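*Asks:* My structure is stored as upload-v2.cif, with mmCIF, C-alpha atoms.
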```cif
data_entry
#
loop_
_atom_site.label_atom_id
_atom_site.label_comp_id
_atom_site.auth_asym_id
_atom_site.auth_seq_id
_atom_site.Cartn_x
_atom_site.Cartn_y
_atom_site.Cartn_z
CA MET A 1 0.00 0.00 0.00
CA SER A 2 2.77 2.40 0.96
CA SER A 3 4.60 1.73 -2.31
CA SER A 4 1.58 3.02 -4.22
CA ARG A 5 1.39 6.12 -2.00
CA HIS A 6 5.04 7.13 -2.37
CA PRO A 7 5.08 7.71 -6.15
CA ALA A 8 2.09 10.06 -5.70
CA ARG A 9 4.01 11.97 -3.03
CA TRP A 10 7.06 12.23 -5.28
CA THR A 11 4.93 13.47 -8.15
CA GLN A 12 3.40 16.11 -5.87
CA ALA A 13 6.86 17.19 -4.70
CA VAL A 14 8.08 17.51 -8.29
CA TRP A 15 5.05 19.67 -9.22
CA LEU A 16 5.64 21.85 -6.15
CA ILE A 17 9.30 22.39 -7.05
CA ALA A 18 8.37 23.16 -10.67
CA SER A 19 5.75 25.61 -9.39
CA LEU A 20 8.25 27.35 -7.10
CA VAL A 21 10.84 27.63 -9.89
CA LEU A 22 8.24 29.13 -12.25
CA LEU A 23 7.04 31.59 -9.58
CA VAL A 24 10.58 32.79 -8.80
CA ALA A 25 11.37 33.12 -12.52
CA LEU A 26 8.22 35.21 -13.06
CA ALA A 27 9.05 37.42 -10.06
CA TRP A 28 12.55 38.00 -11.42
CA ALA A 29 11.14 38.79 -14.88
CA THR A 30 8.67 41.25 -13.27
CA ASN A 31 11.49 43.03 -11.47
CA ARG A 32 13.55 43.37 -14.68
CA LEU A 33 10.56 44.50 -16.79
CA ALA A 34 9.56 47.13 -14.21
CA ALA A 35 13.16 48.42 -14.13
CA ILE A 36 13.38 48.97 -17.88
CA SER A 37 9.80 50.07 -18.63
CA PRO A 38 8.29 53.61 -18.41
CA LYS A 39 7.05 54.86 -15.03
CA ALA A 40 3.37 54.15 -15.80
CA LEU A 41 4.03 50.40 -16.03
CA GLU A 42 4.85 49.66 -12.41
CA TYR A 43 5.66 46.20 -11.04
CA PRO A 44 2.08 45.28 -9.89
CA LEU A 45 0.83 45.47 -13.47
CA TRP A 46 3.74 43.50 -14.92
CA ALA A 47 3.35 40.82 -12.25
CA ALA A 48 -0.41 40.48 -12.83
CA LEU A 49 0.08 40.36 -16.61
CA LEU A 50 2.78 37.70 -16.42
CA GLY A 51 0.60 35.67 -14.03
CA LEU A 52 -2.40 36.07 -16.33
CA VAL A 53 -0.55 34.94 -19.47
CA THR A 54 1.28 31.99 -17.89
CA GLY A 55 -1.89 30.95 -16.01
CA ALA A 56 -3.87 30.93 -19.28
CA ILE A 57 -1.15 28.86 -20.98
CA ALA A 58 -1.08 26.41 -18.05
CA ALA A 59 -4.90 26.18 -18.13
CA ALA A 60 -4.83 25.42 -21.87
CA ALA A 61 -2.28 22.68 -21.19
CA GLY A 62 -4.47 21.33 -18.37
CA VAL A 63 -1.85 21.86 -15.62
CA ARG A 64 -2.95 25.12 -13.98
CA GLU A 65 -3.93 23.50 -10.68
CA ARG A 66 -0.84 21.28 -10.37
CA LEU A 67 1.62 23.93 -11.57
CA GLY A 68 -0.03 26.61 -9.41
CA LYS A 69 0.65 24.99 -6.05
CA ALA A 70 3.14 27.68 -4.99
CA PHE A 71 1.02 30.58 -6.31
CA ARG A 72 -0.42 31.45 -2.87
CA ALA A 73 -1.50 35.02 -3.60
CA GLU A 74 -3.25 35.60 -0.25
CA LEU A 75 -0.33 34.26 1.81
CA PHE A 76 2.24 36.43 0.01
CA LEU A 77 -0.02 39.46 0.20
CA LYS A 78 -0.55 39.08 3.95
CA THR A 79 3.19 38.54 4.50
CA GLY A 80 3.86 41.72 2.49
CA LEU A 81 1.37 43.64 4.63
CA VAL A 82 3.05 42.40 7.84
CA LEU A 83 6.38 43.65 6.40
CA LEU A 84 4.74 46.99 5.48
CA GLY A 85 4.42 47.61 9.24
CA ALA A 86 8.16 48.41 9.36
CA ALA A 87 7.59 51.46 7.17
CA VAL A 88 4.51 52.76 9.00
CA ASN A 89 4.60 54.71 12.23
CA LEU A 90 2.04 53.74 14.89
CA GLY A 91 0.82 57.37 14.90
CA GLU A 92 0.02 57.04 11.18
CA ILE A 93 -2.01 53.89 11.83
CA LEU A 94 -4.02 55.63 14.54
CA SER A 95 -4.58 58.79 12.52
CA VAL A 96 -5.36 57.14 9.16
CA GLY A 97 -6.98 54.11 10.82
CA ALA A 98 -9.56 56.18 12.77
CA ARG A 99 -10.71 57.93 9.58
CA GLY A 100 -10.43 54.60 7.74
CA VAL A 101 -12.85 52.96 10.18
CA ILE A 102 -15.42 55.75 9.69
CA GLN A 103 -15.06 55.43 5.90
CA ALA A 104 -15.23 51.62 6.08
CA LEU A 105 -18.41 51.60 8.21
CA ALA A 106 -20.19 53.98 5.84
CA LEU A 107 -19.00 52.30 2.64
CA VAL A 108 -19.58 48.71 3.76
CA SER A 109 -23.14 49.36 4.94
CA LEU A 110 -24.23 51.56 2.01
CA VAL A 111 -22.58 49.47 -0.74
CA PHE A 112 -23.88 46.25 0.81
CA ALA A 113 -27.43 47.65 0.97
CA PHE A 114 -27.28 48.95 -2.62
CA THR A 115 -25.95 45.66 -4.02
CA TRP A 116 -28.55 43.62 -2.09
CA TRP A 117 -31.34 45.87 -3.36
CA LEU A 118 -30.14 45.81 -7.00
CA GLY A 119 -29.57 42.03 -6.90
CA GLY A 120 -33.17 41.66 -5.66
CA ARG A 121 -34.51 43.87 -8.44
CA LEU A 122 -32.72 41.74 -11.03
CA HIS A 123 -33.87 38.49 -9.38
CA LEU A 124 -30.46 37.09 -8.49
CA GLU A 125 -30.41 33.99 -6.31
CA LYS A 126 -30.11 35.01 -2.64
CA LYS A 127 -26.86 33.20 -1.85
CA LEU A 128 -25.16 34.66 -4.93
CA ARG A 129 -26.44 38.08 -3.85
CA ALA A 130 -24.94 37.60 -0.38
CA LEU A 131 -21.55 36.66 -1.85
CA MET A 132 -21.56 39.61 -4.22
CA CYS A 133 -22.58 42.04 -1.48
CA ALA A 134 -19.74 40.86 0.77
CA ALA A 135 -17.19 40.89 -2.07
CA VAL A 136 -18.00 44.33 -3.42
CA SER A 137 -18.59 46.04 -0.06
CA VAL A 138 -15.86 44.52 2.16
CA CYS A 139 -12.76 42.99 0.60
CA GLY A 140 -13.24 40.89 -2.50
CA VAL A 141 -12.30 37.24 -2.56
CA SER A 142 -11.70 36.71 1.18
CA ALA A 143 -15.04 38.35 2.05
CA ALA A 144 -16.78 36.19 -0.54
CA ILE A 145 -15.21 33.10 1.05
CA ALA A 146 -16.37 34.19 4.53
CA ALA A 147 -19.87 34.93 3.21
CA ALA A 148 -19.97 31.58 1.40
CA GLY A 149 -19.28 29.89 4.74
CA ALA A 150 -21.97 31.94 6.47
CA VAL A 151 -24.76 31.20 3.96
CA LEU A 152 -23.50 27.80 2.73
CA ALA A 153 -23.21 28.96 -0.88
CA LYS A 154 -22.40 26.60 -3.74
CA ARG A 155 -18.82 26.17 -4.89
CA GLU A 156 -19.66 27.45 -8.40
CA GLN A 157 -21.16 30.62 -6.96
CA LEU A 158 -17.92 31.33 -5.12
CA ALA A 159 -15.93 30.64 -8.31
CA TYR A 160 -18.14 33.11 -10.26
CA VAL A 161 -17.69 35.86 -7.71
CA THR A 162 -13.93 35.23 -7.43
CA ALA A 163 -13.57 35.59 -11.22
CA LEU A 164 -15.68 38.79 -11.16
CA VAL A 165 -13.61 40.30 -8.35
CA ILE A 166 -10.32 39.71 -10.16
CA VAL A 167 -11.52 40.77 -13.58
CA THR A 168 -12.80 44.12 -12.24
CA ALA A 169 -9.90 44.70 -9.84
CA LEU A 170 -7.11 44.39 -12.41
CA PRO A 171 -8.27 47.25 -14.71
CA MET A 172 -9.10 49.37 -11.65
CA MET A 173 -5.58 48.84 -10.32
CA VAL A 174 -4.29 50.50 -13.49
CA LEU A 175 -7.04 53.07 -14.16
CA MET A 176 -7.53 54.55 -10.69
CA PRO A 177 -3.92 55.77 -10.17
CA TRP A 178 -4.06 57.20 -13.69
CA ILE A 179 -7.30 59.12 -12.93
CA ALA A 180 -5.91 60.25 -9.56
CA ALA A 181 -2.74 61.58 -11.25
CA ALA A 182 -4.69 63.24 -14.06
CA THR A 183 -6.93 65.08 -11.57
CA GLY A 184 -4.09 65.96 -9.19
CA MET A 185 -5.35 64.06 -6.14
CA SER A 186 -3.10 64.15 -3.07
CA PRO A 187 -1.43 60.80 -2.14
CA ALA A 188 -3.57 60.48 1.03
CA TRP A 189 -6.84 61.16 -0.78
CA ALA A 190 -5.92 58.84 -3.66
CA GLY A 191 -4.80 56.10 -1.23
CA ALA A 192 -8.07 56.36 0.73
CA TRP A 193 -10.02 56.20 -2.54
CA PHE A 194 -8.18 53.07 -3.70
CA GLY A 195 -8.56 51.44 -0.28
CA GLY A 196 -12.26 52.24 -0.03
CA ASN A 197 -13.15 51.19 -3.53
CA ILE A 198 -11.05 48.40 -5.06
CA ASP A 199 -12.41 45.10 -3.82
CA THR A 200 -9.41 42.88 -3.45
CA THR A 201 -6.59 43.92 -1.11
CA ALA A 202 -3.87 42.92 -3.60
CA ALA A 203 -5.15 45.37 -6.21
CA VAL A 204 -5.50 48.09 -3.54
CA VAL A 205 -1.82 47.65 -2.70
CA GLY A 206 -1.00 47.54 -6.43
CA ALA A 207 -2.78 50.82 -7.14
CA GLY A 208 -1.19 52.44 -4.05
CA ALA A 209 2.29 51.24 -5.01
CA THR A 210 1.80 52.70 -8.48
CA TYR A 211 0.88 56.11 -6.97
CA GLY A 212 3.74 56.24 -4.45
CA GLU A 213 4.91 55.34 -0.94
CA GLU A 214 2.46 57.62 0.94
CA ALA A 215 -0.48 56.35 -1.14
CA VAL A 216 0.38 52.68 -0.55
CA LYS A 217 0.50 53.26 3.22
CA VAL A 218 -2.87 55.06 3.38
CA ALA A 219 -4.49 52.62 0.91
CA SER A 220 -3.31 49.60 2.93
CA ILE A 221 -4.39 50.98 6.32
CA VAL A 222 -7.82 52.02 4.98
CA LYS A 223 -8.26 48.60 3.35
CA MET A 224 -7.21 46.78 6.52
CA ALA A 225 -9.78 48.80 8.50
CA GLN A 226 -12.34 47.54 5.99
CA ASN A 227 -10.97 43.96 6.14
CA ALA A 228 -11.46 44.00 9.91
CA LEU A 229 -15.23 44.21 9.33
CA ILE A 230 -15.27 40.88 7.49
CA GLY A 231 -16.07 38.95 10.68
CA VAL A 232 -18.96 41.25 11.57
CA VAL A 233 -20.43 40.97 8.06
CA ALA A 234 -20.11 37.16 8.06
CA PHE A 235 -21.70 37.05 11.52
CA LEU A 236 -24.65 39.24 10.50
CA LEU A 237 -25.16 37.23 7.30
CA ALA A 238 -25.17 33.97 9.23
CA LEU A 239 -27.59 35.50 11.76
CA TYR A 240 -29.94 36.55 8.94
CA TRP A 241 -29.74 33.12 7.29
CA VAL A 242 -30.46 31.32 10.56
CA ALA A 243 -33.42 33.58 11.30
CA LYS A 244 -34.94 33.89 7.85
CA GLU A 245 -33.66 31.42 5.29
CA GLU A 246 -32.32 28.05 6.35
CA ARG A 247 -32.81 27.61 10.05
CA ALA A 248 -31.60 24.02 10.09
CA THR A 249 -28.57 24.07 7.82
CA VAL A 250 -26.49 27.05 8.98
CA GLY A 251 -24.61 26.68 12.26
CA ARG A 252 -25.46 28.94 15.18
CA PRO A 253 -23.55 32.24 14.76
CA SER A 254 -21.58 33.42 17.78
CA ALA A 255 -19.07 36.03 18.92
CA ARG A 256 -16.44 33.35 18.36
CA MET A 257 -17.28 33.42 14.66
CA ILE A 258 -16.36 37.13 14.52
CA TRP A 259 -12.95 36.34 16.02
CA GLU A 260 -12.44 33.34 13.72
CA ARG A 261 -13.09 35.49 10.65
CA PHE A 262 -11.03 38.45 11.90
CA PRO A 263 -8.01 38.96 9.58
CA LYS A 264 -5.31 38.21 12.16
CA PHE A 265 -2.42 39.27 9.92
CA VAL A 266 -3.54 42.84 10.74
CA LEU A 267 -2.26 42.18 14.28
CA GLY A 268 1.13 41.22 12.78
CA PHE A 269 1.17 44.48 10.80
CA ILE A 270 0.41 46.50 13.97
CA ALA A 271 3.05 44.57 16.00
CA VAL A 272 5.77 45.29 13.40
CA SER A 273 4.69 48.94 13.28
CA VAL A 274 5.05 49.16 17.09
CA LEU A 275 8.59 47.73 16.81
CA ALA A 276 9.41 50.29 14.10
CA SER A 277 7.88 53.14 16.14
CA VAL A 278 10.11 52.41 19.17
CA GLY A 279 13.15 52.70 16.88
CA LEU A 280 14.13 49.04 16.72
CA PHE A 281 15.14 49.18 13.06
CA THR A 282 17.92 51.19 11.42
CA LYS A 283 17.33 53.07 8.16
CA ASP A 284 19.16 50.38 6.15
CA GLN A 285 17.14 47.60 7.77
CA VAL A 286 13.87 49.37 6.91
CA LYS A 287 15.14 49.66 3.32
CA ASP A 288 15.79 45.89 3.22
CA VAL A 289 12.38 45.08 4.74
CA ASN A 290 10.75 47.38 2.14
CA ALA A 291 12.55 45.47 -0.63
CA LEU A 292 11.32 42.17 0.84
CA ARG A 293 7.81 43.61 0.97
CA ASN A 294 7.99 44.49 -2.74
CA TRP A 295 9.09 40.91 -3.54
CA ALA A 296 6.22 39.51 -1.45
CA PHE A 297 3.71 41.77 -3.23
CA THR A 298 5.16 40.78 -6.61
CA LEU A 299 4.58 37.09 -5.79
CA ALA A 300 1.01 37.97 -4.71
CA PHE A 301 0.21 39.89 -7.91
CA ILE A 302 1.53 37.03 -10.06
CA GLY A 303 -0.81 34.70 -8.12
CA ILE A 304 -3.78 37.04 -8.66
CA GLY A 305 -3.24 37.03 -12.43
CA TRP A 306 -2.70 33.26 -12.41
CA GLN A 307 -6.03 32.61 -10.64
CA LEU A 308 -8.22 34.43 -13.17
CA SER A 309 -10.37 31.87 -14.94
CA PHE A 310 -11.97 33.02 -18.19
CA GLY A 311 -13.97 29.78 -18.23
CA GLU A 312 -15.77 30.79 -15.01
CA LEU A 313 -16.47 34.25 -16.41
CA ARG A 314 -18.19 32.84 -19.49
CA LYS A 315 -20.58 30.91 -17.22
CA ILE A 316 -21.66 33.96 -15.21
CA GLY A 317 -24.37 35.39 -17.44
CA LEU A 318 -25.43 38.98 -17.95
CA ARG A 319 -27.51 39.78 -14.84
CA PRO A 320 -24.91 38.98 -12.15
CA LEU A 321 -22.32 40.85 -14.22
CA LEU A 322 -24.64 43.87 -14.46
CA VAL A 323 -25.25 43.86 -10.68
CA TYR A 324 -21.56 43.57 -9.90
CA LEU A 325 -20.49 46.32 -12.31
CA SER A 326 -23.27 48.68 -11.15
CA ALA A 327 -22.30 48.08 -7.52
CA THR A 328 -18.67 48.80 -8.42
CA VAL A 329 -19.59 52.11 -10.07
CA PHE A 330 -21.72 53.03 -7.01
CA ASN A 331 -18.81 52.10 -4.71
CA THR A 332 -16.34 54.12 -6.82
CA LEU A 333 -18.37 57.33 -6.64
CA LEU A 334 -19.29 56.94 -2.97
CA ALA A 335 -15.67 56.17 -2.02
CA LEU A 336 -14.49 59.19 -4.01
CA GLY A 337 -16.79 61.48 -2.02
CA MET A 338 -16.06 59.85 1.35
CA SER A 339 -12.28 59.88 0.83
CA TRP A 340 -12.41 63.55 -0.21
CA VAL A 341 -14.31 64.48 2.96
CA LEU A 342 -12.05 62.43 5.26
CA PHE A 343 -8.64 62.61 3.54
CA GLY A 344 -8.84 65.32 0.86
CA HIS A 345 -7.87 68.31 3.05
CA MET B 1 -11.35 -5.95 19.48
CA GLU B 2 -10.96 -2.79 17.40
CA LYS B 3 -8.17 -0.38 18.23
CA PRO B 4 -9.36 3.04 19.45
CA GLN B 5 -9.07 5.49 16.56
CA SER B 6 -6.63 8.34 17.02
CA PRO B 7 -7.73 11.74 15.72
CA GLU B 8 -6.51 12.28 12.15
CA ARG B 9 -3.32 14.32 12.01
CA LYS B 10 -3.46 17.36 9.75
CA PRO B 11 -0.56 17.95 7.32
CA PHE B 12 2.10 20.22 8.85
CA PHE B 13 1.25 23.34 6.82
CA SER B 14 -2.48 23.03 7.53
CA ARG B 15 -2.09 23.17 11.30
CA LEU B 16 -1.78 26.96 11.25
CA SER B 17 -3.98 29.39 9.32
CA GLU B 18 -2.72 31.45 6.40
CA ASP B 19 -2.80 34.57 8.61
CA GLU B 20 -0.64 32.87 11.23
CA TRP B 21 1.85 31.73 8.58
CA ALA B 22 1.98 35.27 7.17
CA ILE B 23 2.86 36.66 10.62
CA ILE B 24 5.49 33.95 11.26
CA VAL B 25 7.15 34.36 7.84
CA GLY B 26 7.03 38.17 8.07
CA LEU B 27 8.57 38.26 11.56
CA LEU B 28 11.18 35.66 10.60
CA LEU B 29 12.25 37.69 7.56
CA ILE B 30 12.51 40.83 9.71
CA LEU B 31 14.58 38.92 12.30
CA LEU B 32 16.97 37.73 9.57
CA VAL B 33 17.36 41.32 8.36
CA VAL B 34 17.94 42.66 11.91
CA LEU B 35 20.54 39.94 12.60
CA GLY B 36 22.34 40.87 9.37
CA ILE B 37 21.85 37.40 7.86
CA LEU B 38 19.61 38.73 5.08
CA GLY B 39 20.63 41.82 3.13
CA PRO B 40 21.30 44.04 1.35
CA ILE B 41 18.25 43.04 -0.68
CA PRO B 42 18.10 44.37 -4.24
CA TRP B 43 14.87 45.82 -5.64
#
```
Show this structure as structure tokens.
*Replies:*
Amino acid sequence: MSSSRHPARWTQAVWLIASLVLLVALAWATNRLAAISPKALEYPLWAALLGLVTGAIAAAAGVRERLGKAFRAELFLKTGLVLLGAAVNLGEILSVGARGVIQALALVSLVFAFTWWLGGRLHLEKKLRALMCAAVSVCGVSAAIAAAGAVLAKREQLAYVTALVIVTALPMMVLMPWIAAATGMSPAWAGAWFGGNIDTTAAVVGAGATYGEEAVKVASIVKMAQNALIGVVAFLLALYWVAKEERATVGRPSARMIWERFPKFVLGFIAVSVLASVGLFTKDQVKDVNALRNWAFTLAFIGIGWQLSFGELRKIGLRPLLVYLSATVFNTLLALGMSWVLFGH
Amino acid sequence: MEKPQSPERKPFFSRLSEDEWAIIVGLLLILLVVLGILGPIPW
């Protein structure tokens, strides 16, 4: 029996090594391309494009899943955000974070309500509506996963919403910094706009990094304030489902659920920021940690591009797409106004 | 008589959540930089 198990393990190990080698090669290529290309083509875009192209080729060859074992976008992104703490003073977190929480509370509740209402008008299935509302109002893919757990959504519904999140986030990652630069927005205002609007945290960081160091800090803090609400949203959704929809199938929601869903990497980011604020790191060390952070984000952006499945998008249909895009436009305009009020002066 | 079943062991990397791994890897990288083992890092 064990002899039949071992070859499978070896095969898995070989795929993992091949995946790691490909990921490192793509990250290196991203770094070189960003160094020789014009300013507008920053590393997040190159990384996402390389991930997108190689992912599509791997999908066509039928090896995307096996060759993508090392493409852990969320893990690299969270590691990069922990490292970002070294460049952010605790005072900045408190100042930006307080305004970020106000913005997040307003945006999450209003965008959620709008998307739920519009999804109802266009007769979307309730579980798909719940996933979309969480994705567009809180933080993209991870919020959709939390919502899927809360309402026991189908796997295909989660795949649809994941594809929608990525396909809207990638153009926004490029367009929003361009619009912000064209209209002369300050880095703080632009960062708050990116953080309040773009669904997936990776693309928020990508847009911020394209606009500059100050923008990436504000965008990340604002987005993390929004991410922190994921547990509350999942809890309220589960509560609603227990009370109204499927009393028997959804587990009893509890305060523990809020803690389980809380994005704990945020605590790592704050801890590193505290260490930086008490002067633990020298200037050169912060420079090295910043370089590591850029490498981690590059790996994350490659993973984001790699994950995009055009096959899933074709299955979505027009109505869910219409709801999602309308909700995104609503979110964009509302976030623009909110970020101007809170960060534009 | 049947042997009592031991609880199934999770694979090593699944024992901690992705968030916990992100914190561990991040702090470890910072420690390596502070100790001078890692760096200067080109970007």
*Asks:* I'd like to see the residues matched by the PyMOL selection byres ((chain A and resi 15) around 10) on this file, and ideally I'd get them as JSON, numbers by chain.
*Replies:* {"A": [9, 10, 11, 12, 13, 14, 16, 17, 18, 19, 20, 21, 63, 65, 66, 67, 68, 69, 70]}
*Asks:* Dump as an mmCIF file with C-alpha atoms, in the coordinates of the input the residues of chain B that approach chain A to within 7 Å, counting all atoms listed in the file.
*Replies:*
```cif
data_model
loop_
_atom_site.group_PDB
_atom_site.id
_atom_site.type_symbol
_atom_site.label_atom_id
_atom_site.label_comp_id
_atom_site.auth_asym_id
_atom_site.auth_seq_id
_atom_site.Cartn_x
_atom_site.Cartn_y
_atom_site.Cartn_z
ATOM 1 C CA GLU B 18 -2.720 31.450 6.400
ATOM 2 C CA ASP B 19 -2.800 34.570 8.610
ATOM 3 C CA GLU B 20 -0.640 32.870 11.230
ATOM 4 C CA ALA B 22 1.980 35.270 7.170
ATOM 5 C CA ILE B 23 2.860 36.660 10.620
ATOM 6 C CA VAL B 25 7.150 34.360 7.840
ATOM 7 C CA GLY B 26 7.030 38.170 8.070
ATOM 8 C CA ILE B 30 12.510 40.830 9.710
ATOM 9 C CA VAL B 33 17.360 41.320 8.360
ATOM 10 C CA VAL B 34 17.940 42.660 11.910
ATOM 11 C CA GLY B 39 20.630 41.820 3.130
ATOM 12 C CA PRO B 40 21.300 44.040 1.350
ATOM 13 C CA ILE B 41 18.250 43.040 -0.680
ATOM 14 C CA PRO B 42 18.100 44.370 -4.240
ATOM 15 C CA TRP B 43 14.870 45.820 -5.640
#
```
*Asks:* Could you expand the PyMOL selection byres ((chain A and resi 189) around 6) into the explicit residues it covers here, written as a list of chain:residue names?
*Replies:*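 When the PyMOL selection byres ((chain A and resi 189) around 6) is applied to the shown file, the picked residues are A:Ser186, A:Pro187, A:Ala188, A:Ala190, A:Gly191, A:Ala192, A:Ser339, A:Phe343, A:Gly344.
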*Asks:* Mind telling me what the PyMOL selection byres ((chain A and resi 151) around 7) catches here, as a list in words?
*Replies:*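 That expression, the PyMOL selection byres ((chain A and resi 151) around 7), corresponds here to Lys127, Ala147, Ala148, Gly149, Ala150, Leu152, Ala153, Leu237, Ala238, Trp241 and Val250 of chain A.
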*Asks:* To one decimal in Å, tell me the separation between atom CA of A:Leu175 and atom CA of A:Ile304.
*Replies:*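 A separation of 17.3 Å between them.
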*Asks:* What does the structure give for the distance between atom CA of A:Leu131 and atom CA of A:Ala243, in Å to one decimal?
*Replies:*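 Between these atoms lies a distance of 18.0 Å.
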